[in-house]
file final.txt (compact mmCIF, C-alpha atoms)
# COMPACT_ATOMS: atom_id res chain seq x y z
CA MET M 1 3.75 35.10 55.14
CA SER M 2 4.80 34.17 51.62
CA ARG M 3 2.74 37.07 50.26
CA ARG M 4 5.07 39.49 52.03
CA VAL M 5 8.25 38.01 50.50
CA ILE M 6 9.66 39.55 47.32
CA HIS M 7 11.19 36.28 46.09
CA PRO M 8 9.62 33.06 47.50
CA TRP M 9 12.19 30.45 48.50
CA PRO M 10 11.61 28.13 45.50
CA VAL M 11 12.56 31.04 43.22
CA ARG M 12 15.73 31.76 45.20
CA LEU M 13 16.76 28.11 45.50
CA THR M 14 16.26 27.30 41.83
CA HIS M 15 17.85 30.63 40.84
CA TRP M 16 21.15 29.89 42.59
CA LEU M 17 21.22 26.19 41.65
CA ASN M 18 20.67 27.37 38.10
CA VAL M 19 23.65 29.71 38.38
CA ILE M 20 25.86 26.71 39.21
CA ALA M 21 24.32 24.59 36.43
CA MET M 22 24.65 27.38 33.85
CA VAL M 23 28.27 28.18 34.72
CA VAL M 24 29.25 24.51 34.38
CA MET M 25 27.16 23.92 31.24
CA ILE M 26 28.38 27.01 29.42
CA GLY M 27 32.01 26.65 30.56
CA SER M 28 32.22 22.98 29.56
CA GLY M 29 30.18 23.64 26.43
CA TRP M 30 32.80 26.14 25.30
CA GLN M 31 35.52 23.47 25.62
CA ILE M 32 33.36 21.03 23.61
CA TYR M 33 32.81 23.75 20.98
CA ASN M 34 36.58 24.28 20.79
CA ALA M 35 37.09 20.63 19.75
CA SER M 36 35.27 21.32 16.49
CA PRO M 37 34.44 25.05 16.17
CA LEU M 38 31.38 26.07 14.14
CA PHE M 39 32.85 29.52 13.50
CA ASN M 40 36.27 31.05 13.06
CA PHE M 41 37.06 31.45 16.77
CA ARG M 42 37.66 29.48 19.95
CA PHE M 43 36.67 30.26 23.54
CA PRO M 44 39.61 31.30 25.73
CA PHE M 45 38.02 30.29 29.07
CA THR M 46 36.57 26.83 29.62
CA ILE M 47 35.71 24.27 32.28
CA GLY M 48 37.47 20.94 31.82
CA GLN M 49 40.94 21.13 30.40
CA TRP M 50 40.39 18.63 27.61
CA LEU M 51 37.40 17.37 25.65
CA GLY M 52 36.84 14.26 27.80
CA ALA M 53 36.66 16.23 31.03
CA ALA M 54 34.44 18.90 29.45
CA ILE M 55 31.96 16.32 28.14
CA ALA M 56 31.94 14.61 31.56
CA TRP M 57 31.09 17.93 33.26
CA HIS M 58 28.52 18.79 30.58
CA LEU M 59 26.68 15.45 30.83
CA ALA M 60 26.80 15.57 34.64
CA ALA M 61 25.59 19.15 35.05
CA MET M 62 22.81 18.63 32.50
CA TRP M 63 20.92 16.67 35.17
CA LEU M 64 21.11 19.60 37.58
CA LEU M 65 20.04 22.03 34.85
CA VAL M 66 17.09 19.92 33.71
CA CYS M 67 15.87 18.76 37.14
CA ASN M 68 16.19 22.25 38.59
CA GLY M 69 14.45 23.75 35.55
CA LEU M 70 11.59 21.25 35.78
CA ILE M 71 11.15 21.95 39.49
CA TYR M 72 10.97 25.68 38.73
CA LEU M 73 8.49 25.25 35.86
CA ILE M 74 6.21 22.87 37.77
CA TRP M 75 6.29 25.05 40.90
CA SER M 76 5.54 28.13 38.77
CA LEU M 77 2.49 26.48 37.23
CA VAL M 78 1.18 25.02 40.49
CA SER M 79 1.74 28.14 42.61
CA GLY M 80 0.58 30.60 39.97
CA HIS M 81 4.00 32.30 39.97
CA TYR M 82 3.94 32.26 36.16
CA ARG M 83 1.26 34.99 36.23
CA LYS M 84 3.95 37.42 37.31
CA LEU M 85 5.72 36.79 33.98
CA LEU M 86 2.82 36.20 31.58
CA PRO M 87 1.42 37.58 29.42
CA VAL M 88 4.13 39.67 27.80
CA ARG M 89 2.36 42.43 25.84
CA PRO M 90 4.38 44.00 22.98
CA ARG M 91 2.85 47.46 23.55
CA GLU M 92 3.87 47.42 27.24
CA VAL M 93 7.35 46.21 26.30
CA TRP M 94 7.67 49.14 23.89
CA VAL M 95 6.52 51.69 26.49
CA ASP M 96 8.72 50.25 29.26
CA LEU M 97 11.72 49.84 26.99
CA ARG M 98 11.59 53.53 25.99
CA ALA M 99 11.24 54.53 29.64
CA ALA M 100 14.17 52.27 30.56
CA LEU M 101 16.40 53.77 27.88
CA ARG M 102 15.57 57.26 29.25
CA PHE M 103 16.45 55.90 32.74
CA ASP M 104 12.88 56.78 33.63
CA LEU M 105 11.60 53.27 34.45
CA LYS M 106 10.73 52.91 38.12
CA HIS M 107 11.76 49.69 39.83
CA GLU M 108 8.61 48.52 41.60
CA THR M 109 9.57 45.98 44.23
CA GLY M 110 7.86 42.65 43.74
CA LEU M 111 6.55 43.49 40.27
CA TYR M 112 8.14 42.79 36.91
CA ASN M 113 7.95 45.48 34.24
CA ALA M 114 7.27 44.42 30.65
CA VAL M 115 10.97 44.46 29.65
CA GLN M 116 11.83 42.20 32.58
CA LYS M 117 8.96 39.89 31.66
CA LEU M 118 10.24 39.71 28.08
CA LEU M 119 13.81 38.97 29.25
CA TYR M 120 12.80 36.31 31.78
CA VAL M 121 10.34 34.56 29.47
CA GLY M 122 12.91 34.85 26.68
CA VAL M 123 15.71 33.24 28.67
CA LEU M 124 13.38 30.46 29.85
CA LEU M 125 12.50 29.73 26.21
CA ALA M 126 16.20 29.86 25.25
CA GLY M 127 16.89 27.40 28.07
CA ILE M 128 14.20 25.03 26.78
CA VAL M 129 15.61 25.28 23.23
CA ALA M 130 19.14 24.68 24.59
CA VAL M 131 18.01 21.53 26.42
CA LEU M 132 16.01 20.13 23.49
CA SER M 133 18.72 20.87 20.89
CA GLY M 134 21.31 19.46 23.30
CA LEU M 135 19.31 16.24 23.63
CA SER M 136 19.17 15.96 19.82
CA ILE M 137 22.95 16.34 19.57
CA TRP M 138 23.46 13.79 22.35
CA LYS M 139 20.97 11.24 20.95
CA PRO M 140 20.40 11.96 17.25
CA VAL M 141 19.45 8.30 16.62
CA GLN M 142 17.25 7.45 19.60
CA LEU M 143 15.68 10.94 19.74
CA TRP M 144 15.53 11.28 15.94
CA PHE M 145 12.18 13.13 16.13
CA LEU M 146 13.78 15.88 18.21
CA CYS M 147 16.80 16.00 15.90
CA ASP M 148 14.50 16.27 12.86
CA LEU M 149 12.61 19.08 14.59
CA PHE M 150 15.80 21.14 14.59
CA GLY M 151 16.59 20.26 10.97
CA GLY M 152 19.05 17.43 11.58
CA TYR M 153 22.24 16.88 13.56
CA VAL M 154 24.33 19.68 12.02
CA ALA M 155 21.55 22.27 12.30
CA ALA M 156 20.88 21.21 15.91
CA ARG M 157 24.50 22.09 16.76
CA TYR M 158 23.94 25.62 15.44
CA VAL M 159 20.62 25.91 17.30
CA HIS M 160 22.38 24.75 20.50
CA PHE M 161 25.12 27.33 19.97
CA PHE M 162 22.69 30.22 19.42
CA ALA M 163 20.55 29.20 22.40
CA MET M 164 23.74 29.41 24.50
CA THR M 165 24.53 32.79 22.94
CA GLY M 166 21.05 34.06 23.81
CA ILE M 167 21.45 32.89 27.40
CA CYS M 168 24.87 34.59 27.63
CA VAL M 169 23.40 37.88 26.34
CA PHE M 170 20.66 37.59 28.96
CA VAL M 171 23.23 36.96 31.70
CA LEU M 172 25.21 40.05 30.63
CA VAL M 173 22.12 42.28 30.66
CA HIS M 174 20.84 40.72 33.90
CA VAL M 175 24.12 41.18 35.77
CA LEU M 176 24.53 44.71 34.37
CA LEU M 177 21.06 45.67 35.62
CA VAL M 178 21.81 44.21 39.07
CA ALA M 179 25.01 46.28 39.12
CA LEU M 180 22.99 49.41 38.24
CA VAL M 181 20.32 48.71 40.89
CA PRO M 182 22.26 46.74 43.56
CA LYS M 183 19.40 46.82 46.08
CA VAL M 184 17.70 44.05 44.09
CA LEU M 185 20.44 41.54 44.92
CA PRO M 186 19.89 40.89 48.69
CA PRO M 187 16.22 39.87 48.29
CA MET M 188 17.31 37.15 45.86
CA ILE M 189 19.30 35.69 48.78
CA THR M 190 17.16 36.49 51.82
CA GLY M 191 13.76 36.70 50.14
CA GLY M 192 13.32 40.32 51.22
CA ARG M 193 10.13 41.90 52.50
CA LEU M 194 7.49 43.72 50.47
CA PRO M 195 6.84 47.26 51.75
CA MET R 1 25.86 45.47 53.60
CA ILE R 2 25.25 45.10 49.90
CA ASN R 3 28.96 45.16 49.18
CA ARG R 4 29.60 42.49 51.74
CA ARG R 5 26.86 40.37 50.22
CA SER R 6 28.15 40.74 46.70
CA MET R 7 31.64 39.89 47.98
CA LEU R 8 30.16 36.78 49.59
CA LEU R 9 28.50 35.86 46.33
CA ARG R 10 31.69 36.35 44.42
CA ALA R 11 33.52 34.13 46.90
CA MET R 12 30.80 31.49 46.52
CA ALA R 13 31.13 31.66 42.75
CA LEU R 14 34.91 31.25 43.00
CA GLY R 15 34.51 28.38 45.44
CA ALA R 16 32.18 26.64 43.01
CA ALA R 17 34.48 27.18 40.05
CA ALA R 18 37.82 26.31 41.65
CA PRO R 19 37.47 22.51 41.90
CA LEU R 20 36.08 22.44 38.37
CA GLY R 21 38.98 24.39 36.93
CA GLY R 22 41.44 22.10 38.67
CA CYS R 23 39.79 18.98 37.35
CA ASN R 24 41.90 17.62 34.57
CA TYR R 25 40.64 14.07 34.29
CA ASP R 26 44.25 13.54 33.27
CA ASP R 27 45.45 10.88 35.71
CA PRO R 28 42.96 7.98 35.63
CA ALA R 29 45.11 6.00 38.08
CA HIS R 30 44.80 8.70 40.75
CA PRO R 31 41.28 10.12 40.56
CA ASP R 32 40.57 13.17 42.73
CA LEU R 33 37.17 13.93 44.24
CA ALA R 34 35.93 15.66 41.08
CA ASP R 35 37.04 12.68 38.96
CA LYS R 36 35.12 10.29 41.24
CA PHE R 37 32.01 12.45 40.95
CA LEU R 38 32.33 12.53 37.15
CA HIS R 39 32.86 8.75 37.01
CA ALA R 40 29.69 8.20 39.05
CA MET R 41 27.70 10.50 36.78
CA SER R 42 29.16 8.83 33.69
CA ALA R 43 28.13 5.40 35.04
CA TRP R 44 24.63 6.77 35.66
CA ASN R 45 24.58 8.12 32.09
CA ASP R 46 25.60 4.63 30.84
CA ARG R 47 22.52 3.19 32.55
CA VAL R 48 20.25 5.93 31.16
CA GLN R 49 21.56 5.35 27.64
CA ALA R 50 21.12 1.58 27.93
CA ALA R 51 17.50 2.19 28.97
CA LEU R 52 17.01 4.70 26.13
CA PHE R 53 18.51 2.34 23.52
CA ASP R 54 15.82 0.86 21.32
CA PRO R 55 17.10 -2.15 19.33
CA HIS R 56 14.52 -1.42 16.62
CA THR R 57 15.36 2.26 16.11
CA LEU R 58 17.58 2.54 13.05
CA ALA R 59 20.22 5.19 12.49
CA PRO R 60 19.25 7.44 9.55
CA THR R 61 20.54 6.38 6.13
CA PHE R 62 21.57 8.72 3.33
CA ARG R 63 21.73 8.92 -0.47
CA PRO R 64 25.01 8.15 -2.33
CA ASP R 65 25.36 11.82 -3.36
CA GLN R 66 25.39 12.82 0.34
CA ILE R 67 28.58 10.85 1.04
CA THR R 68 31.42 13.04 2.36
CA ARG R 69 34.28 13.19 -0.15
CA PRO R 70 37.15 13.02 0.39
CA PRO R 71 36.64 10.91 3.54
CA ARG R 72 38.03 12.29 6.78
CA PHE R 73 40.88 10.46 8.52
CA ASN R 74 40.82 10.47 12.32
CA ALA R 75 42.84 8.57 14.95
CA PHE R 76 44.91 9.18 18.05
CA TYR R 77 47.95 9.54 15.76
CA SER R 78 48.60 11.20 12.39
CA ILE R 79 47.94 9.54 9.04
CA ASN R 80 51.63 8.77 8.34
CA GLN R 81 51.79 6.64 11.52
CA VAL R 82 49.01 4.27 10.46
CA THR R 83 49.63 0.57 11.20
CA VAL R 84 49.48 -1.55 8.04
CA VAL R 85 48.18 -5.09 8.56
CA ASP R 86 49.46 -7.92 6.31
CA GLU R 87 46.14 -9.01 4.85
CA SER R 88 47.40 -12.33 3.43
CA ARG R 89 48.32 -13.51 6.93
CA TYR R 90 45.48 -11.74 8.73
CA LYS R 91 43.31 -13.73 11.11
CA LEU R 92 40.55 -12.35 13.32
CA GLU R 93 41.07 -13.96 16.72
CA LEU R 94 38.12 -14.79 18.94
CA GLY R 95 38.07 -14.93 22.71
CA GLY R 96 35.88 -15.09 25.78
CA GLN R 97 32.42 -16.66 25.86
CA ILE R 98 32.47 -18.01 22.30
CA GLN R 99 32.01 -21.72 21.45
CA ASN R 100 34.03 -21.87 18.23
CA LYS R 101 37.15 -19.77 18.67
CA SER R 102 38.83 -20.70 15.37
CA PRO R 103 40.33 -17.54 13.90
CA TRP R 104 38.76 -16.08 10.75
CA SER R 105 40.63 -15.16 7.59
CA LEU R 106 39.49 -12.32 5.35
CA ARG R 107 38.38 -14.80 2.69
CA GLN R 108 36.14 -16.56 5.24
CA LEU R 109 34.66 -13.24 6.37
CA ARG R 110 33.98 -12.19 2.77
CA ALA R 111 32.21 -15.50 2.14
CA LEU R 112 29.54 -14.55 4.70
CA PRO R 113 26.45 -12.53 3.64
CA GLN R 114 27.41 -8.84 3.28
CA GLU R 115 25.35 -5.82 4.40
CA SER R 116 25.81 -2.32 3.00
CA GLN R 117 24.87 0.99 4.63
CA ILE R 118 25.24 4.72 3.97
CA THR R 119 25.22 6.19 7.45
CA ARG R 120 26.34 9.17 9.49
CA PHE R 121 29.55 8.90 11.49
CA VAL R 122 29.37 11.34 14.42
CA CYS R 123 32.63 12.17 16.17
CA VAL R 124 32.73 12.93 19.90
CA GLU R 125 34.33 16.24 18.84
CA GLY R 126 31.06 17.29 17.21
CA TRP R 127 31.77 16.93 13.47
CA ARG R 128 30.05 14.35 11.34
CA VAL R 129 30.73 12.69 8.00
CA ILE R 130 28.59 10.42 5.85
CA GLY R 131 30.11 7.25 4.41
CA GLN R 132 29.26 3.93 2.88
CA TRP R 133 30.43 0.75 4.57
CA SER R 134 29.68 -2.90 3.90
CA GLY R 135 30.54 -6.09 5.70
CA VAL R 136 29.24 -8.82 7.96
CA LYS R 137 26.38 -8.16 10.36
CA LEU R 138 27.94 -8.55 13.80
CA SER R 139 24.77 -10.24 15.12
CA ASN R 140 25.02 -12.93 12.39
CA PHE R 141 28.72 -13.41 13.07
CA LEU R 142 28.25 -13.73 16.83
CA ARG R 143 25.51 -16.34 16.37
CA ARG R 144 27.58 -18.23 13.77
CA VAL R 145 30.56 -18.62 16.13
CA GLY R 146 28.33 -19.56 19.04
CA ALA R 147 28.85 -16.45 21.14
CA ASP R 148 26.98 -16.25 24.43
CA THR R 149 24.78 -13.25 23.59
CA THR R 150 23.55 -13.07 27.16
CA CYS R 151 26.98 -11.66 28.06
CA LYS R 152 27.22 -7.93 28.71
CA TYR R 153 30.12 -6.87 26.52
CA VAL R 154 31.78 -7.35 23.15
CA SER R 155 35.39 -6.13 23.21
CA PHE R 156 37.78 -5.31 20.38
CA LYS R 157 41.56 -5.14 20.18
CA CYS R 158 43.21 -3.41 17.24
CA ALA R 159 46.50 -3.72 15.38
CA ASP R 160 47.48 -0.16 16.40
CA GLY R 161 47.04 -0.79 20.14
CA TYR R 162 43.58 0.76 20.26
CA TYR R 163 40.89 -1.12 22.16
CA THR R 164 37.25 -0.54 23.00
CA SER R 165 34.07 -2.37 23.97
CA ILE R 166 30.33 -2.14 23.41
CA ASP R 167 27.18 -3.41 25.13
CA MET R 168 25.58 -6.59 23.78
CA PRO R 169 22.23 -4.99 22.73
CA SER R 170 24.14 -2.49 20.56
CA ALA R 171 26.33 -5.31 19.20
CA LEU R 172 23.17 -7.15 18.08
CA HIS R 173 21.65 -4.04 16.44
CA PRO R 174 20.92 -4.73 12.74
CA GLN R 175 23.16 -1.84 11.58
CA THR R 176 26.21 -2.97 13.56
CA ILE R 177 28.62 -4.58 11.08
CA LEU R 178 32.17 -5.86 10.85
CA ALA R 179 32.99 -3.65 7.86
CA LEU R 180 35.32 -4.93 5.14
CA ASP R 181 34.60 -2.32 2.45
CA PHE R 182 34.46 1.47 2.54
CA LEU R 183 33.08 3.53 -0.36
CA GLY R 184 32.78 0.41 -2.51
CA HIS R 185 36.40 -0.80 -2.11
CA PRO R 186 38.23 -2.87 0.47
CA LEU R 187 39.14 -0.81 3.54
CA THR R 188 42.48 1.02 3.29
CA PRO R 189 44.85 1.19 6.30
CA PRO R 190 43.89 4.77 7.38
CA PHE R 191 40.23 3.77 7.45
CA GLY R 192 40.68 0.53 9.36
CA ALA R 193 41.89 -2.21 6.99
CA PRO R 194 41.27 -5.04 6.95
CA VAL R 195 38.29 -5.20 9.37
CA ARG R 196 36.67 -2.43 11.39
CA LEU R 197 33.51 -2.11 13.41
CA ARG R 198 30.86 0.15 11.94
CA ILE R 199 28.21 0.98 14.54
CA PRO R 200 26.13 4.01 13.54
CA THR R 201 24.22 3.97 16.85
CA LYS R 202 27.38 5.05 18.68
CA LEU R 203 29.97 7.83 18.47
CA GLY R 204 32.97 7.49 16.17
CA PHE R 205 35.49 6.34 18.76
CA LYS R 206 33.30 3.27 19.40
CA ASN R 207 34.05 2.18 15.78
CA PRO R 208 37.46 0.47 16.24
CA LYS R 209 39.68 0.01 13.17
CA SER R 210 42.03 -2.82 12.14
CA ILE R 211 40.44 -5.25 14.58
CA VAL R 212 42.65 -8.26 15.38
CA GLN R 213 40.71 -9.72 18.31
CA LEU R 214 37.03 -9.89 19.23
CA ALA R 215 35.90 -11.22 22.60
CA VAL R 216 32.59 -11.71 24.42
CA THR R 217 32.73 -11.20 28.15
CA ASN R 218 30.96 -10.18 31.34
CA ILE R 219 34.06 -8.43 32.68
CA TYR R 220 34.05 -4.71 31.85
CA PRO R 221 36.76 -4.30 29.19
CA GLY R 222 36.89 -0.46 29.09
CA GLY R 223 38.57 1.23 26.15
CA TYR R 224 41.45 3.45 25.06
CA TRP R 225 39.47 6.70 25.37
CA GLU R 226 36.95 5.39 27.89
CA ASP R 227 39.73 4.70 30.40
CA GLN R 228 40.79 8.34 30.06
CA GLY R 229 37.34 9.71 30.76
CA TYR R 230 35.11 9.47 27.70
CA ASN R 231 31.66 8.10 28.50
CA TRP R 232 31.66 4.33 27.91
CA PHE R 233 28.21 3.81 26.34
CA SER R 234 28.49 6.87 24.06
CA GLY R 235 25.36 5.96 22.14
CA SER R 236 23.78 8.21 19.53

call {"tool": "encode", "arguments": {"input": "final.txt", "output": "structure tokens"}}
result
Amino acid sequence: MSRRVIHPWPVRLTHWLNVIAMVVMIGSGWQIYNASPLFNFRFPFTIGQWLGAAIAWHLAAMWLLVCNGLIYLIWSLVSGHYRKLLPVRPREVWVDLRAALRFDLKHETGLYNAVQKLLYVGVLLAGIVAVLSGLSIWKPVQLWFLCDLFGGYVAARYVHFFAMTGICVFVLVHVLLVALVPKVLPPMITGGRLP
Amino acid sequence: MINRRSMLLRAMALGAAAPLGGCNYDDPAHPDLADKFLHAMSAWNDRVQAALFDPHTLAPTFRPDQITRPPRFNAFYSINQVTVVDESRYKLELGGQIQNKSPWSLRQLRALPQESQITRFVCVEGWRVIGQWSGVKLSNFLRRVGADTTCKYVSFKCADGYYTSIDMPSALHPQTILALDFLGHPLTPPFGAPVRLRIPTKLGFKNPKSIVQLAVTNIYPGGYWEDQGYNWFSGS
């Protein structure tokens, strides 16, 4: 049964829960950034209309993000789902990327091409970096070893910012690709059926 | 079919975002559903932080050349509105579960053993400065006045109307001091003269300035920012 489904239900469930978690985390994170910007700009759209509300949303949604992420990672390891994403081979990425840029890359239902693998593994790593750098900003004293790993409190803020940026770039590319090939969206809701 | 589905998704996304966008956390007396959810999560985060707090983990210390100069002023008002306390008549009042509630003058506080630290002050806004503070270890002071250290909270009231409170384990942390000096000189009014709390294991707003009353209690005292929505424990 599950072999005939394009996206097994744990993938779909964690995917959409993650959408909620990411929207809240990034939206509230932008408001927190605005309180003390690292660069010469502020975000125009945020969740939480002042710093206190934004932090409250951020530190509430972090539990959804982390629990959901852990469920996905553990399920991937136990079920063998991770084999669809790993390994990512640079040569295959190069070949598939060139084909994609020529609009010559076939979408094979149920299989990830090397560019997709790179993007998905990349955003998972960015998510892990975002969580770990976020924990070191939240608890630079108690989790000093994490904070040191990122080069201290100030550096961890920059790492956290760039992890968010990486995730946002992924989201842009991901949503753009879904818009270009809209038939891939329904299976992420219904599960779909392999041909 | 696909269009309808993507419309549905868009509606779901809007539905998820709408209550968040409306949440202001701006009327603590009349919390809406989102506020109640955030309060519950914040209380849960208080418990997690209390469990994570290790009384033996010290905040990092820094070299004198790493001190931020000039120091950064921060308060809920601008620097020309700072309250100036008359230090000759100053007395630190004690309240709550404390045996000897005689008020303390500055001279008495300065006669106690002094601790010095160069530590990082992290603001809830994200910036950090490094400064040098010295003063009386709060744990020594609490024991000297016969405070019941089995109580949950130590609360502070300030000359400028600010108030806040901390958990007892953090109050007894060796780096938590009633600071009298900043950068080698007595505290100046913008930086909390004559007595401020310096607690490097918590965020900046948990470091009240110009303290006029200290109390030990089991009744949750809240705080100026905490009552508006900042997380109460706010440990580092």

call {"tool": "closest_atom_pairs", "arguments": {"input": "final.txt", "of": "chain R", "to": "chain M", "cutoff": "6 Å", "atoms": "all atoms listed in the file", "output": "JSON lines"}}
result
{"residue": "R:Gly21", "atom": "CA", "partner": "M:Ile47", "partner_atom": "CA", "distance": 5.7}
{"residue": "R:Asn24", "atom": "CA", "partner": "M:Gln49", "partner_atom": "CA", "distance": 5.5}
{"residue": "R:Tyr25", "atom": "CA", "partner": "M:Ala53", "partner_atom": "CA", "distance": 5.6}
{"residue": "R:Leu38", "atom": "CA", "partner": "M:Ala56", "partner_atom": "CA", "distance": 6.0}
{"residue": "R:Met41", "atom": "CA", "partner": "M:Ala60", "partner_atom": "CA", "distance": 5.6}
{"residue": "R:Ala59", "atom": "CA", "partner": "M:Val141", "partner_atom": "CA", "distance": 5.2}
{"residue": "R:Glu125", "atom": "CA", "partner": "M:Ala35", "partner_atom": "CA", "distance": 5.3}
{"residue": "R:Gly126", "atom": "CA", "partner": "M:Ser36", "partner_atom": "CA", "distance": 5.9}
{"residue": "R:Gly229", "atom": "CA", "partner": "M:Gly52", "partner_atom": "CA", "distance": 5.5}
{"residue": "R:Tyr230", "atom": "CA", "partner": "M:Gly52", "partner_atom": "CA", "distance": 5.1}
{"residue": "R:Ser236", "atom": "CA", "partner": "M:Lys139", "partner_atom": "CA", "distance": 4.4}

call {"tool": "residues_around", "arguments": {"input": "final.txt", "residues": "stretch 172-183 of chain R", "least_positions_apart": "6", "cutoff": "8 Å", "atoms": "all atoms listed in the file", "output": "PyMOL selection string"}}
result
chain R and resi 55-56+58-59+110+115+117+131-139+191+193-201

call {"tool": "atom_distance", "arguments": {"input": "final.txt", "atom1": "atom CA of R:Lys152", "atom2": "atom CA of R:Ile219"}}
result
7.9 Å

call {"tool": "closest_residue", "arguments": {"input": "final.txt", "among": "R:Ala215, R:Val48, R:Ala147, R:Val129", "to": "R:Thr164", "atoms": "all atoms listed in the file"}}
result
R:Ala215

call {"tool": "residues_around", "arguments": {"input": "final.txt", "residues": "M:Pro195", "least_positions_apart": "3", "cutoff": "12 Å", "atoms": "only C-alpha atoms", "output": "PyMOL selection string"}}
result
chain M and resi 3-6+108-110+192

call {"tool": "residues_around", "arguments": {"input": "final.txt", "residues": "stretch 77-88 of chain M", "least_positions_apart": "2", "cutoff": "7 Å", "atoms": "all atoms listed in the file", "output": "list in words"}}
result
Leu73, Ile74, Trp75, Pro90, Tyr112, Ala114, Lys117, Leu118 and Val121 of chain M

call {"tool": "closest_residue", "arguments": {"input": "final.txt", "among": "M:Leu17, M:Leu125, M:Met22, M:Leu194", "to": "M:Leu111", "atoms": "all atoms listed in the file"}}
result
M:Leu194

call {"tool": "residues_around", "arguments": {"input": "final.txt", "residues": "R:Phe233", "least_positions_apart": "5", "cutoff": "10 Å", "atoms": "all atoms listed in the file", "output": "ChimeraX atom specification"}}
result
/R:42-43,45-50,165-167,170,202-203,206,226

call {"tool": "write_last_selection", "arguments": {"input": "final.txt", "atoms": "C-alpha atoms", "output": "mmCIF file, in the frame of the given file"}}
result
data_model
loop_
_atom_site.group_PDB
_atom_site.id
_atom_site.type_symbol
_atom_site.label_atom_id
_atom_site.label_comp_id
_atom_site.auth_asym_id
_atom_site.auth_seq_id
_atom_site.Cartn_x
_atom_site.Cartn_y
_atom_site.Cartn_z
ATOM 1 C CA SER R 42 29.160 8.830 33.690
ATOM 2 C CA ALA R 43 28.130 5.400 35.040
ATOM 3 C CA ASN R 45 24.580 8.120 32.090
ATOM 4 C CA ASP R 46 25.600 4.630 30.840
ATOM 5 C CA ARG R 47 22.520 3.190 32.550
ATOM 6 C CA VAL R 48 20.250 5.930 31.160
ATOM 7 C CA GLN R 49 21.560 5.350 27.640
ATOM 8 C CA ALA R 50 21.120 1.580 27.930
ATOM 9 C CA SER R 165 34.070 -2.370 23.970
ATOM 10 C CA ILE R 166 30.330 -2.140 23.410
ATOM 11 C CA ASP R 167 27.180 -3.410 25.130
ATOM 12 C CA SER R 170 24.140 -2.490 20.560
ATOM 13 C CA LYS R 202 27.380 5.050 18.680
ATOM 14 C CA LEU R 203 29.970 7.830 18.470
ATOM 15 C CA LYS R 206 33.300 3.270 19.400
ATOM 16 C CA GLU R 226 36.950 5.390 27.890
#

call {"tool": "residues_near_point", "arguments": {"input": "final.txt", "point": "(19.0, 22.8, 24.4)", "cutoff": "12 Å", "atoms": "all atoms listed in the file", "output": "number ranges by chain"}}
result
M: 22, 25-26, 29, 62, 65-66, 123-138, 146-147, 150, 156-167

call {"tool": "residues_around", "arguments": {"input": "final.txt", "residues": "stretch 97-101 of chain R", "least_positions_apart": "2", "cutoff": "10 Å", "atoms": "only C-alpha atoms", "output": "MDAnalysis selection string"}}
result
chainID R and resid 92:95 103:104 142:151 154 214:218

call {"tool": "atom_distance", "arguments": {"input": "final.txt", "atom1": "atom CA of R:Asn80", "atom2": "atom CA of R:Ile211"}}
result
19.0 Å

call {"tool": "atom_distance", "arguments": {"input": "final.txt", "atom1": "atom CA of R:Thr68", "atom2": "atom CA of R:Lys209"}}
result
18.8 Å

call {"tool": "closest_residue", "arguments": {"input": "final.txt", "among": "M:Val178, M:Phe43, M:Asn18, M:Val171", "to": "M:Leu70", "atoms": "only C-alpha atoms"}}
result
M:Asn18

call {"tool": "closest_residue", "arguments": {"input": "final.txt", "among": "R:Pro221, R:Pro169, R:Asn140, R:Glu87", "to": "R:Thr57", "atoms": "all atoms listed in the file"}}
result
R:Pro169
